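> Handing you this structure, nothing more for now.
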Amino acid sequence: MSDELRSRIEGLIGKHKVMLFMKGTKHFPACGFSNAVVEILKKERVDFDTFNILSDPEIRQGLKEYSNWPTYPQLYVDGKFVGGCDIVTEMHQSGELARELSAAKSPLNPAEPRRGQE
Amino acid sequence: MPDQDALKAQLIAAFPGARVEVTDLTGTRDHFQALVVASQFRGRSRVEQHKMVYAALGDLMRGPIHALALTTHAPDNSPEGPP
């Protein structure tokens with residue numbers, strides 16, 4: 001994978017604390033699995049952003065390689081890959097997802113580490 | 001395209017001794033549901049467990065299989081949770 005694509009991917013993953021790569025958009029999901037994760041995030045009452053992988057073949061293929069995960073949707077929290085639809089659903093049902101998301105929201109756990117300037 | 005028995009055989013070959021159930025959700029050999037209970041999953045996170053299954057299916061995940069609803073765990077594991 002080119003450095004350029006890798007840095008584009010990392011930029012997108014870091015765009016929001018809770019970032020969902022999906023087929024379609026938050027308002028118009030184009031796949032039942034993507035829709036399921038959108039609905040779960042709404043139930044978790046968390047602010048999140050989405051990226052429509054159908055709009056960008058390069059990201060669609062590149063992110064699969066980057067995360068070593070062959071399918072969409074893919075959920076990232078604080079830059080970390082959390083899972084696809086099945087894992088997110090299980091974590092939502094067990095309460096694990098709520099804990100993960102509240103840790104991500106906590107001011108004690110800032111998403112962006114300070115950049116060293118010295 | 002694989003049928004559910006072929007998928008099941010491939011998973012059992014990859015995870016000897018595992019309990020494997022595969023269902024063809026649509027009858028079209030491209031949307032499947034699978035349960036894999038394998039001792040090889042012990043100590044692995046769910047993301048790692050799913051990656052192990054995807055790796056076992058290899059090229060099937062890069063085209064022939066459009067969707068795979070997956071449940072994985074180690075045998076007799078208790079649900080993760082606070083102590």
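Every chain in the structure tokens takes a letter, A first, then B, and so on in the order presented; its residues are numbered from 1, and the ligands are numbered from 1 following the presented order.
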Pull out every residue of chain B that has at least one atom within 10 Å of chain A, counting only C-alpha atoms, and report them as a list in words.

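Using only C-alpha atoms, chain B residues at most 10 Å from chain A: Arg46, Val47, Glu48, His50, Lys51, Tyr54, Ala55, Gly58, Met61, Arg62, Gly63, His66, Ala67, Leu68, Ala69, Leu70, Thr71, Thr72, Pro79, Glu80, Gly81 and Pro82 of chain B.
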
> Residues at most 6 Å from range 46-51 of chain A, counting only C-alpha atoms, excluding those fewer than 2 positions away in the same chain, as a list of chain:residue names?

A:Val18, A:Met19, A:Leu20, A:Phe21, A:Glu44

> List as a PyMOL selection string the protein and nucleic acid residues near Met1 in chain B, meaning an atom at most 8 Å away when only C-alpha atoms are counted, but skip any in the same chain fewer than 4 places from it.

chain B and resi 29-30+64-65

> Give me the residues near Asp56 in chain A as a list in words, where near means some atom within 12 Å (using only C-alpha atoms) and where sequence neighbours in that chain fewer than 3 positions away do not count.

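Counting only C-alpha atoms, the residues come to Leu5, Arg8, Ile9, Phe21, Met22, Lys23, Gly24, Phe51, Asn52, Ile53, Ile59, Arg60, Gln61, Gly62 and Leu63 of chain A.
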
> Any chance you can output those residues with N, CA and C atoms as a PDB file, in the first residue's frame?


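As a result, selection-v7.pdb now contains:
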ATOM      1  N   LEU A   5      -1.835   6.515   0.409  1.00  0.00           N
ATOM      2  CA  LEU A   5      -3.116   5.884   0.746  1.00  0.00           C
ATOM      3  C   LEU A   5      -3.181   5.605   2.248  1.00  0.00           C
ATOM      4  N   ARG A   8      -3.932   8.705   4.040  1.00  0.00           N
ATOM      5  CA  ARG A   8      -5.341   9.082   3.829  1.00  0.00           C
ATOM      6  C   ARG A   8      -6.251   8.275   4.750  1.00  0.00           C
ATOM      7  N   ILE A   9      -5.969   6.958   4.828  1.00  0.00           N
ATOM      8  CA  ILE A   9      -6.772   6.075   5.678  1.00  0.00           C
ATOM      9  C   ILE A   9      -6.656   6.504   7.139  1.00  0.00           C
ATOM     10  N   PHE A  21     -16.992   3.170   8.998  1.00  0.00           N
ATOM     11  CA  PHE A  21     -16.837   3.001   7.543  1.00  0.00           C
ATOM     12  C   PHE A  21     -17.924   2.039   7.101  1.00  0.00           C
ATOM     13  N   MET A  22     -18.785   2.513   6.193  1.00  0.00           N
ATOM     14  CA  MET A  22     -19.997   1.750   5.886  1.00  0.00           C
ATOM     15  C   MET A  22     -20.366   1.856   4.421  1.00  0.00           C
ATOM     16  N   LYS A  23     -21.329   1.020   4.026  1.00  0.00           N
ATOM     17  CA  LYS A  23     -21.907   1.130   2.694  1.00  0.00           C
ATOM     18  C   LYS A  23     -23.093   2.081   2.794  1.00  0.00           C
ATOM     19  N   GLY A  24     -22.994   3.220   2.106  1.00  0.00           N
ATOM     20  CA  GLY A  24     -24.039   4.229   2.193  1.00  0.00           C
ATOM     21  C   GLY A  24     -23.691   5.259   3.251  1.00  0.00           C
ATOM     22  N   PHE A  51     -18.154   7.216   6.910  1.00  0.00           N
ATOM     23  CA  PHE A  51     -17.543   7.380   5.585  1.00  0.00           C
ATOM     24  C   PHE A  51     -18.162   6.330   4.668  1.00  0.00           C
ATOM     25  N   ASN A  52     -18.638   6.779   3.518  1.00  0.00           N
ATOM     26  CA  ASN A  52     -19.278   5.874   2.573  1.00  0.00           C
ATOM     27  C   ASN A  52     -18.225   5.240   1.658  1.00  0.00           C
ATOM     28  N   ILE A  53     -17.910   3.970   1.928  1.00  0.00           N
ATOM     29  CA  ILE A  53     -16.839   3.317   1.160  1.00  0.00           C
ATOM     30  C   ILE A  53     -17.264   3.052  -0.288  1.00  0.00           C
ATOM     31  N   ILE A  59     -10.236   3.688  -1.056  1.00  0.00           N
ATOM     32  CA  ILE A  59     -10.382   3.493   0.394  1.00  0.00           C
ATOM     33  C   ILE A  59     -11.063   2.150   0.659  1.00  0.00           C
ATOM     34  N   ARG A  60     -12.066   1.824  -0.142  1.00  0.00           N
ATOM     35  CA  ARG A  60     -12.798   0.572   0.062  1.00  0.00           C
ATOM     36  C   ARG A  60     -11.850  -0.622   0.081  1.00  0.00           C
ATOM     37  N   GLN A  61     -10.919  -0.675  -0.874  1.00  0.00           N
ATOM     38  CA  GLN A  61      -9.967  -1.773  -0.933  1.00  0.00           C
ATOM     39  C   GLN A  61      -8.842  -1.589   0.088  1.00  0.00           C
ATOM     40  N   GLY A  62      -8.350  -0.353   0.201  1.00  0.00           N
ATOM     41  CA  GLY A  62      -7.200  -0.085   1.053  1.00  0.00           C
ATOM     42  C   GLY A  62      -7.468  -0.340   2.528  1.00  0.00           C
ATOM     43  N   LEU A  63      -8.657   0.038   2.989  1.00  0.00           N
ATOM     44  CA  LEU A  63      -8.948  -0.126   4.419  1.00  0.00           C
ATOM     45  C   LEU A  63      -9.035  -1.605   4.803  1.00  0.00           C
TER      46      LEU A  63
END

> Work out how far CA of Val37 in chain A is from CA of Phe15 in chain B, in Å to one decimal.

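It comes out at 29.1 Å.
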
> If you run DSSP on the backbone, which residues of chain B are alpha helix (DSSP H), as an MDAnalysis selection string?

chainID B and resid 4:14 46:57

> Please extract the residues of chain B with a backbone DSSP assignment of strand (DSSP E or B) and present them as a count of residues only.

20

> Taking into account only C-alpha atoms, which residue in the set A:Ile40, A:Glu65, A:Glu100, A:Ser2 is nearest to Lys80 in chain A?

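Nearest candidate to Lys80 in chain A out of A:Ile40, A:Glu65, A:Glu100, A:Ser2: A:Glu100.
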